[in-house]
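Note sheet for the following structure.
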Amino acid sequence: MADRAKGDGRDGRDGRDGRDAASAAPRSRESAPRAVAARVLARVWGSDAFASAALDAELRRAQALDPRDAGLATELVYGVLRVQVALEARIAEFAAKGRWTTDPLVRAHVLMGAYSLCFLDRVPAFAAVSEAVDGAQAAGGPRVGAFANAVLRKLAAAVESSGRPPVAGAVVASAPGWLRGALRRSLGRAAAEAFLSAGPVPPPTGLCLAPGEDRDAWLEALRGAAPAGSFEAGRVSPRAIVARGAGDLRRLPGFGVAWIGQEEGAQALALALGALPGERVLDACAGRGNKSWLLSRAVLPGGAVDAADLYPAKLSQLREALSAPPASSEGADGGMLAGDAQGGGVEGGALAGDALAGGGLGRAAAFVRETYAVDWTVGAGDVPEGYDRVLVDAPCSGVGTLRRRPEIALRRDADDLPRLADLQVAIARRAATRARDGGRLVFAVCSVLREECEAVAARLAAPAEDDLGVRLEPAPFDAEIARELSGGGDAFRLLPHVHGTDGYFAAMFVVRR
C-alpha cells in the first residue's frame, strides 16, 4: 500500500494552483493528445495528482480522441515523467532555466517536445517542434513560444547529429541518487537498473477472477466483448487476466460480480495469506477493499472477513462495494499516516454485466462482515481478537509501483524510509495482537527497498521492545502460490522485470502469545 507521496509544493501559473492551470481550455492550435497530456502533467506538478488517475479522468472527458491519439497522450505523460531529469538536462545545454520551468503547462509542452525528439521516432522532428511551440505559445504567449522554438530546434539538430539516446539509460539517470543507491543495495546494480527501466509503461490493467471462475472461459468472453483490446492470462496469480486497450472496465461483462480490477501482484499478496474456508480473517490496512474482496471469497463457506483502515471514507466505499454493515469508528484517530490502497478496484460498488452462465458466485458472496476505522499506531480500537489470519498491507514508499506512478520517484527522499519503516513496524505489531495464538500474519508492502522489506521483517521477528504481549516468528508460507514464489521460504519479492507485476515484498509470521 503506497503511502501518499509528498508534493513538490509548486504553484501553477498566474497564482493559480496546478489543477486550475491544467483545466484551462486548450487553444485551437494545440494538438488534442498533447493538450490532454499537458493538462495531466500540469496537475501532477502543480497539485500532486497521481498521473494514472489524472490521465484516466482526462481521457474520459476527451471522448473524441481515437485510440491512437489516446495512446500518444499516455506515452507522453509516462515518458516525460520517467525521463524528466534527463530531458531537463538536455534542454539546459541550450538554455538557462527560466519561466518555462515554473509554468506547469509551458513546462509540459517543452518537455513533451524534447521527449518526442529524443525518443519517439514515429514523430517527425519538424512536427514535434511545431506542436510543442504551439502548445507553449498557447500557454505562455508569443515570447515563450519563440523560446521553445529556439531551444527545441537546437535539440533537434543535436539529436540528428548524435542519434537518439537509449531510453533505459535516461530512465536510470533520471532517478534520484538516493533511490538508485537504495535499489542497488536492495537488488544489486544490474537488477536495480532493470527494475527502473522495466516495461511496459504504463503496465497492463489487472483483472482478478473470483474463486470458481473459469479463466479460459472469461478470456474468450472478454475478447469477444472488447475485440480491440488484448486479454492474456497472468503469469503469477492463477486468478489474473491482464488487459491492454480494453477501455472502461466497468462496461465489460462480469465486472464486480465474477471479477474486479486488481493489479496481478496485489492479487498474489492476498493469495499469499493462505486464507481457508471457515477461517476468520482481518484485512488490517484494507483501503477500498480489493484484497478484502478476494479474501472474502476464499473463506467461503463458513468463514468471515473483517476490514480495518485509518480512513472512514475508504471504508464507506468498501461497505458499498462489499455490502458490509456500518463501520465501528470508536478508537479511530484523525492522523494522516496510512496511505492509498494499491491498484485499481471496485469503484463505488458499481456492477456491470452478468457473470458467465453458471460461473458467477454472485455479489452476495463478496461480503465483509464488519469494518473498523482505526489508527494502529495509537491502539486497536474496537477490532476484536482471535483472527486466524491477518494481512498487513502497510503504508510504504510505493517504489514498487514506479511503472504505474513514475512521479513517486521525485516526491520521495531518503529521509522517508526510516519514518515509513517505523510506521510499518508499529502497524504490524499492533495488528498482530488481534490474531489468535498460532495465527498467521503476512506483512506486505508495494516496495522493493531493503529498508522497508527485509529490515522491517527482521525488526518484527526480533524480541519486542513493547508490552503488547505477542511474538512474531518467521514461518514458511502455506499457500501454494507463495511457496512457489518464496522457494519454500518465509518471504518473497515480486519484480516487474522478472514477474511482470508491480514490485512487492511479503513475509509470513506465526503469532505467539
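Every chain in the C-alpha cells takes a letter, A first, then B, and so on in the order presented; its residues are numbered from 1, and the ligands are numbered from 1 following the presented order.
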
Selection: 8 Å around region 263-271 of chain A, only C-alpha atoms, excl. self and same-chain fewer than 2 positions, as a JSON list (two decimals) with all heavy atoms, in the first residue's frame:
```json
[["chain", "number", "residue", "atom", "x", "y", "z"],
["A", 205, "THR", "N", -3.59, -3.46, -17.30],
["A", 205, "THR", "CA", -4.57, -3.48, -16.21],
["A", 205, "THR", "C", -4.80, -4.92, -15.78],
["A", 205, "THR", "O", -4.91, -5.82, -16.61],
["A", 205, "THR", "CB", -5.89, -2.87, -16.68],
["A", 205, "THR", "OG1", -5.66, -1.52, -17.08],
["A", 205, "THR", "CG2", -6.94, -2.89, -15.58],
["A", 206, "GLY", "N", -4.85, -5.14, -14.48],
["A", 206, "GLY", "CA", -5.09, -6.48, -13.98],
["A", 206, "GLY", "C", -6.56, -6.71, -13.65],
["A", 206, "GLY", "O", -7.23, -5.82, -13.11],
["A", 207, "LEU", "N", -7.06, -7.87, -14.00],
["A", 207, "LEU", "CA", -8.40, -8.31, -13.59],
["A", 207, "LEU", "C", -8.23, -9.49, -12.66],
["A", 207, "LEU", "O", -7.39, -10.37, -12.91],
["A", 207, "LEU", "CB", -9.25, -8.73, -14.80],
["A", 207, "LEU", "CG", -9.29, -7.82, -16.02],
["A", 207, "LEU", "CD1", -10.26, -8.38, -17.05],
["A", 207, "LEU", "CD2", -9.65, -6.41, -15.65],
["A", 208, "CYS", "N", -9.00, -9.53, -11.60],
["A", 208, "CYS", "CA", -8.93, -10.63, -10.63],
["A", 208, "CYS", "C", -10.23, -11.41, -10.65],
["A", 208, "CYS", "O", -11.29, -10.88, -10.31],
["A", 208, "CYS", "CB", -8.66, -10.08, -9.23],
["A", 208, "CYS", "SG", -8.56, -11.36, -7.96],
["A", 234, "GLY", "N", -2.58, -14.10, -16.60],
["A", 234, "GLY", "CA", -1.48, -13.61, -15.80],
["A", 234, "GLY", "C", -0.39, -14.66, -15.62],
["A", 234, "GLY", "O", -0.64, -15.87, -15.75],
["A", 236, "VAL", "N", 1.65, -14.79, -12.71],
["A", 236, "VAL", "CA", 1.90, -15.07, -11.31],
["A", 236, "VAL", "C", 0.65, -15.55, -10.59],
["A", 236, "VAL", "O", 0.65, -16.59, -9.95],
["A", 236, "VAL", "CB", 2.49, -13.83, -10.60],
["A", 236, "VAL", "CG1", 2.61, -14.07, -9.09],
["A", 236, "VAL", "CG2", 3.84, -13.47, -11.19],
["A", 237, "SER", "N", -0.42, -14.78, -10.69],
["A", 237, "SER", "CA", -1.66, -15.14, -10.00],
["A", 237, "SER", "C", -2.52, -16.04, -10.87],
["A", 237, "SER", "O", -2.80, -15.71, -12.03],
["A", 237, "SER", "CB", -2.44, -13.87, -9.65],
["A", 237, "SER", "OG", -3.76, -14.21, -9.24],
["A", 239, "ARG", "N", -5.52, -16.29, -10.69],
["A", 239, "ARG", "CA", -6.80, -15.60, -10.87],
["A", 239, "ARG", "C", -6.69, -14.44, -11.85],
["A", 239, "ARG", "O", -7.69, -13.78, -12.12],
["A", 239, "ARG", "CB", -7.29, -15.05, -9.53],
["A", 239, "ARG", "CG", -7.32, -16.06, -8.41],
["A", 239, "ARG", "CD", -8.61, -16.87, -8.41],
["A", 239, "ARG", "NE", -8.57, -17.88, -7.36],
["A", 239, "ARG", "CZ", -8.81, -17.62, -6.08],
["A", 239, "ARG", "NH1", -9.12, -16.40, -5.71],
["A", 239, "ARG", "NH2", -8.76, -18.59, -5.20],
["A", 240, "ALA", "N", -5.50, -14.14, -12.34],
["A", 240, "ALA", "CA", -5.27, -12.89, -13.06],
["A", 240, "ALA", "C", -5.50, -13.01, -14.56],
["A", 240, "ALA", "O", -5.12, -13.99, -15.20],
["A", 240, "ALA", "CB", -3.86, -12.39, -12.82],
["A", 241, "ILE", "N", -6.12, -11.96, -15.10],
["A", 241, "ILE", "CA", -6.14, -11.68, -16.53],
["A", 241, "ILE", "C", -5.56, -10.28, -16.69],
["A", 241, "ILE", "O", -5.94, -9.36, -15.96],
["A", 241, "ILE", "CB", -7.56, -11.73, -17.10],
["A", 241, "ILE", "CG1", -8.10, -13.17, -17.07],
["A", 241, "ILE", "CG2", -7.61, -11.19, -18.53],
["A", 241, "ILE", "CD1", -9.55, -13.29, -17.50],
["A", 242, "VAL", "N", -4.62, -10.12, -17.62],
["A", 242, "VAL", "CA", -4.03, -8.80, -17.83],
["A", 242, "VAL", "C", -4.57, -8.25, -19.15],
["A", 242, "VAL", "O", -4.62, -8.94, -20.17],
["A", 242, "VAL", "CB", -2.48, -8.86, -17.84],
["A", 242, "VAL", "CG1", -1.96, -9.17, -16.45],
["A", 242, "VAL", "CG2", -1.96, -9.88, -18.83],
["A", 261, "GLY", "N", -11.20, -5.16, -10.99],
["A", 261, "GLY", "CA", -9.91, -4.67, -11.43],
["A", 261, "GLY", "C", -8.93, -4.70, -10.27],
["A", 261, "GLY", "O", -9.17, -4.08, -9.23],
["A", 273, "LEU", "N", -1.67, -14.94, 1.81],
["A", 273, "LEU", "CA", -2.14, -15.09, 3.19],
["A", 273, "LEU", "C", -2.62, -16.52, 3.44],
["A", 273, "LEU", "O", -2.58, -16.99, 4.58],
["A", 273, "LEU", "CB", -3.26, -14.09, 3.47],
["A", 273, "LEU", "CG", -3.76, -14.02, 4.90],
["A", 273, "LEU", "CD1", -2.65, -13.58, 5.86],
["A", 273, "LEU", "CD2", -4.95, -13.07, 5.01],
["A", 274, "GLY", "N", -3.07, -17.19, 2.39],
["A", 274, "GLY", "CA", -3.48, -18.60, 2.54],
["A", 274, "GLY", "C", -4.80, -18.78, 3.25],
["A", 274, "GLY", "O", -5.01, -19.82, 3.89],
["A", 275, "ALA", "N", -5.69, -17.82, 3.17],
["A", 275, "ALA", "CA", -6.98, -17.93, 3.85],
["A", 275, "ALA", "C", -7.74, -19.17, 3.37],
["A", 275, "ALA", "O", -7.79, -19.46, 2.18],
["A", 275, "ALA", "CB", -7.81, -16.67, 3.59],
["A", 291, "LYS", "N", -8.36, -6.36, -1.77],
["A", 291, "LYS", "CA", -7.90, -7.63, -1.20],
["A", 291, "LYS", "C", -8.99, -8.23, -0.32],
["A", 291, "LYS", "O", -9.12, -9.46, -0.23],
["A", 291, "LYS", "CB", -6.60, -7.42, -0.44],
["A", 291, "LYS", "CG", -5.45, -6.97, -1.32],
["A", 291, "LYS", "CD", -4.17, -6.78, -0.51],
["A", 291, "LYS", "CE", -3.05, -6.24, -1.41],
["A", 291, "LYS", "NZ", -3.32, -4.85, -1.87],
["A", 294, "LEU", "N", -11.20, -10.38, -2.48],
["A", 294, "LEU", "CA", -10.63, -11.68, -2.80],
["A", 294, "LEU", "C", -10.64, -12.59, -1.57],
["A", 294, "LEU", "O", -11.00, -13.77, -1.64],
["A", 294, "LEU", "CB", -9.21, -11.50, -3.32],
["A", 294, "LEU", "CG", -8.47, -12.74, -3.80],
["A", 294, "LEU", "CD1", -9.29, -13.51, -4.81],
["A", 294, "LEU", "CD2", -7.13, -12.34, -4.41],
["A", 295, "LEU", "N", -10.27, -12.05, -0.41],
["A", 295, "LEU", "CA", -10.24, -12.85, 0.81],
["A", 295, "LEU", "C", -11.64, -13.32, 1.21],
["A", 295, "LEU", "O", -11.81, -14.44, 1.69],
["A", 295, "LEU", "CB", -9.62, -12.04, 1.95],
["A", 295, "LEU", "CG", -8.13, -11.71, 1.79],
["A", 295, "LEU", "CD1", -7.69, -10.71, 2.85],
["A", 295, "LEU", "CD2", -7.27, -12.98, 1.87],
["A", 342, "GLN", "N", -3.50, 0.18, -2.89],
["A", 342, "GLN", "CA", -2.73, -0.05, -4.11],
["A", 342, "GLN", "C", -3.59, -0.65, -5.19],
["A", 342, "GLN", "O", -4.34, -1.58, -4.97],
["A", 342, "GLN", "CB", -1.57, -1.03, -3.79],
["A", 342, "GLN", "CG", -0.92, -1.61, -5.01],
["A", 342, "GLN", "CD", -0.35, -0.54, -5.88],
["A", 342, "GLN", "OE1", 0.05, 0.50, -5.40],
["A", 342, "GLN", "NE2", -0.31, -0.78, -7.16],
["A", 343, "GLY", "N", -3.44, -0.09, -6.42],
["A", 343, "GLY", "CA", -4.07, -0.68, -7.59],
["A", 343, "GLY", "C", -5.51, -0.24, -7.77],
["A", 343, "GLY", "O", -6.10, 0.41, -6.93],
["A", 344, "GLY", "N", -6.09, -0.61, -8.91],
["A", 344, "GLY", "CA", -7.46, -0.25, -9.20],
["A", 344, "GLY", "C", -8.42, -1.20, -8.53],
["A", 344, "GLY", "O", -8.06, -2.29, -8.11],
["A", 391, "LEU", "N", -3.79, -9.84, 7.43],
["A", 391, "LEU", "CA", -3.00, -9.27, 6.34],
["A", 391, "LEU", "C", -2.70, -7.82, 6.66],
["A", 391, "LEU", "O", -3.62, -7.03, 6.90],
["A", 391, "LEU", "CB", -3.77, -9.35, 5.01],
["A", 391, "LEU", "CG", -3.10, -8.68, 3.81],
["A", 391, "LEU", "CD1", -1.75, -9.32, 3.48],
["A", 391, "LEU", "CD2", -4.02, -8.71, 2.59],
["A", 444, "ALA", "N", 3.17, -7.04, 4.20],
["A", 444, "ALA", "CA", 3.41, -6.79, 2.78],
["A", 444, "ALA", "C", 3.52, -5.30, 2.51],
["A", 444, "ALA", "O", 2.89, -4.48, 3.19],
["A", 444, "ALA", "CB", 2.28, -7.37, 1.94],
["A", 479, "ALA", "N", 0.45, -21.14, 1.59],
["A", 479, "ALA", "CA", -0.31, -21.04, 0.34],
["A", 479, "ALA", "C", 0.58, -21.46, -0.83],
["A", 479, "ALA", "O", 1.77, -21.08, -0.89],
["A", 479, "ALA", "CB", -0.81, -19.62, 0.13],
["A", 481, "ILE", "N", 0.80, -20.60, -4.00],
["A", 481, "ILE", "CA", 1.40, -19.54, -4.82],
["A", 481, "ILE", "C", 2.59, -18.92, -4.11],
["A", 481, "ILE", "O", 3.62, -18.63, -4.73],
["A", 481, "ILE", "CB", 0.35, -18.46, -5.17],
["A", 481, "ILE", "CG1", 0.97, -17.38, -6.05],
["A", 481, "ILE", "CG2", -0.26, -17.85, -3.92],
["A", 481, "ILE", "CD1", -0.04, -16.33, -6.52],
["A", 482, "ALA", "N", 2.49, -18.73, -2.79],
["A", 482, "ALA", "CA", 3.58, -18.11, -2.04],
["A", 482, "ALA", "C", 4.73, -19.07, -1.83],
["A", 482, "ALA", "O", 5.89, -18.66, -1.78],
["A", 482, "ALA", "CB", 3.05, -17.60, -0.70],
["A", 494, "LEU", "N", 8.32, -9.60, -5.54],
["A", 494, "LEU", "CA", 7.86, -9.58, -6.91],
["A", 494, "LEU", "C", 8.52, -8.39, -7.59],
["A", 494, "LEU", "O", 8.57, -7.30, -7.02],
["A", 494, "LEU", "CB", 6.34, -9.45, -6.98],
["A", 494, "LEU", "CG", 5.53, -10.65, -6.48],
["A", 494, "LEU", "CD1", 4.04, -10.32, -6.49],
["A", 494, "LEU", "CD2", 5.80, -11.89, -7.31],
["A", 501, "THR", "N", 4.84, -8.01, -12.83],
["A", 501, "THR", "CA", 3.92, -7.32, -11.93],
["A", 501, "THR", "C", 4.57, -6.04, -11.41],
["A", 501, "THR", "O", 5.73, -5.75, -11.69],
["A", 501, "THR", "CB", 3.58, -8.21, -10.72],
["A", 501, "THR", "OG1", 4.77, -8.37, -9.92],
["A", 501, "THR", "CG2", 3.09, -9.58, -11.17],
["A", 502, "ASP", "N", 3.83, -5.27, -10.63],
["A", 502, "ASP", "CA", 4.46, -4.22, -9.85],
["A", 502, "ASP", "C", 5.38, -4.87, -8.82],
["A", 502, "ASP", "O", 5.36, -6.09, -8.62],
["A", 502, "ASP", "CB", 3.40, -3.37, -9.14],
["A", 502, "ASP", "CG", 2.66, -2.44, -10.10],
["A", 502, "ASP", "OD1", 3.08, -2.32, -11.26],
["A", 502, "ASP", "OD2", 1.66, -1.83, -9.67],
["A", 503, "GLY", "N", 6.19, -4.05, -8.16],
["A", 503, "GLY", "CA", 7.14, -4.57, -7.19],
["A", 503, "GLY", "C", 6.54, -4.67, -5.80],
["A", 503, "GLY", "O", 5.91, -3.73, -5.31],
["A", 504, "TYR", "N", 6.73, -5.83, -5.16],
["A", 504, "TYR", "CA", 6.17, -6.07, -3.82],
["A", 504, "TYR", "C", 7.15, -6.89, -2.99],
["A", 504, "TYR", "O", 8.04, -7.58, -3.51],
["A", 504, "TYR", "CB", 4.86, -6.85, -3.89],
["A", 504, "TYR", "CG", 3.73, -6.16, -4.59],
["A", 504, "TYR", "CD1", 3.49, -6.39, -5.94],
["A", 504, "TYR", "CD2", 2.88, -5.28, -3.92],
["A", 504, "TYR", "CE1", 2.44, -5.77, -6.60],
["A", 504, "TYR", "CE2", 1.83, -4.66, -4.56],
["A", 504, "TYR", "CZ", 1.62, -4.90, -5.90],
["A", 504, "TYR", "OH", 0.58, -4.28, -6.55],
["A", 506, "ALA", "N", 6.67, -9.56, 0.59],
["A", 506, "ALA", "CA", 5.76, -10.16, 1.57],
["A", 506, "ALA", "C", 6.54, -11.11, 2.46],
["A", 506, "ALA", "O", 7.46, -11.81, 2.00],
["A", 506, "ALA", "CB", 4.62, -10.90, 0.88]]
```

So that I can check the secondary structure, give me every residue of region 435-513 of chain A assigned strand (DSSP E) by backbone DSSP, as an MDAnalysis selection string.
chainID A and resid 435:445 471:474 491:494 504:512

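Using only C-alpha atoms, the shortest contact distance between Ser174 (chain A) and any of A:Leu460, A:Val85, A:Ala37, A:Ala226 is found at A:Val85.
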
Tell me, as a PyMOL selection string, which residues lie within 8 Å of Val83 (chain A), counting only C-alpha atoms; anything in the same chain fewer than 6 positions away does not count.
chain A and resi 167+170-171+173-174

For Pro33 (chain A), list every protein, DNA or RNA residue within 7 Å, evaluated using only C-alpha atoms, and leave out those in the same chain fewer than 4 positions away; present the list as number ranges by chain.
A: 37, 69-70, 72-73

DSSP on the backbone: what in region 5-203 of chain A comes out helix (DSSP H, G or I), as a ChimeraX atom specification?
/A:13-15,18-22,32-47,51-61,67-82,84-92,99-101,104-119,125-140,142-162,167-174,177-187,189-196
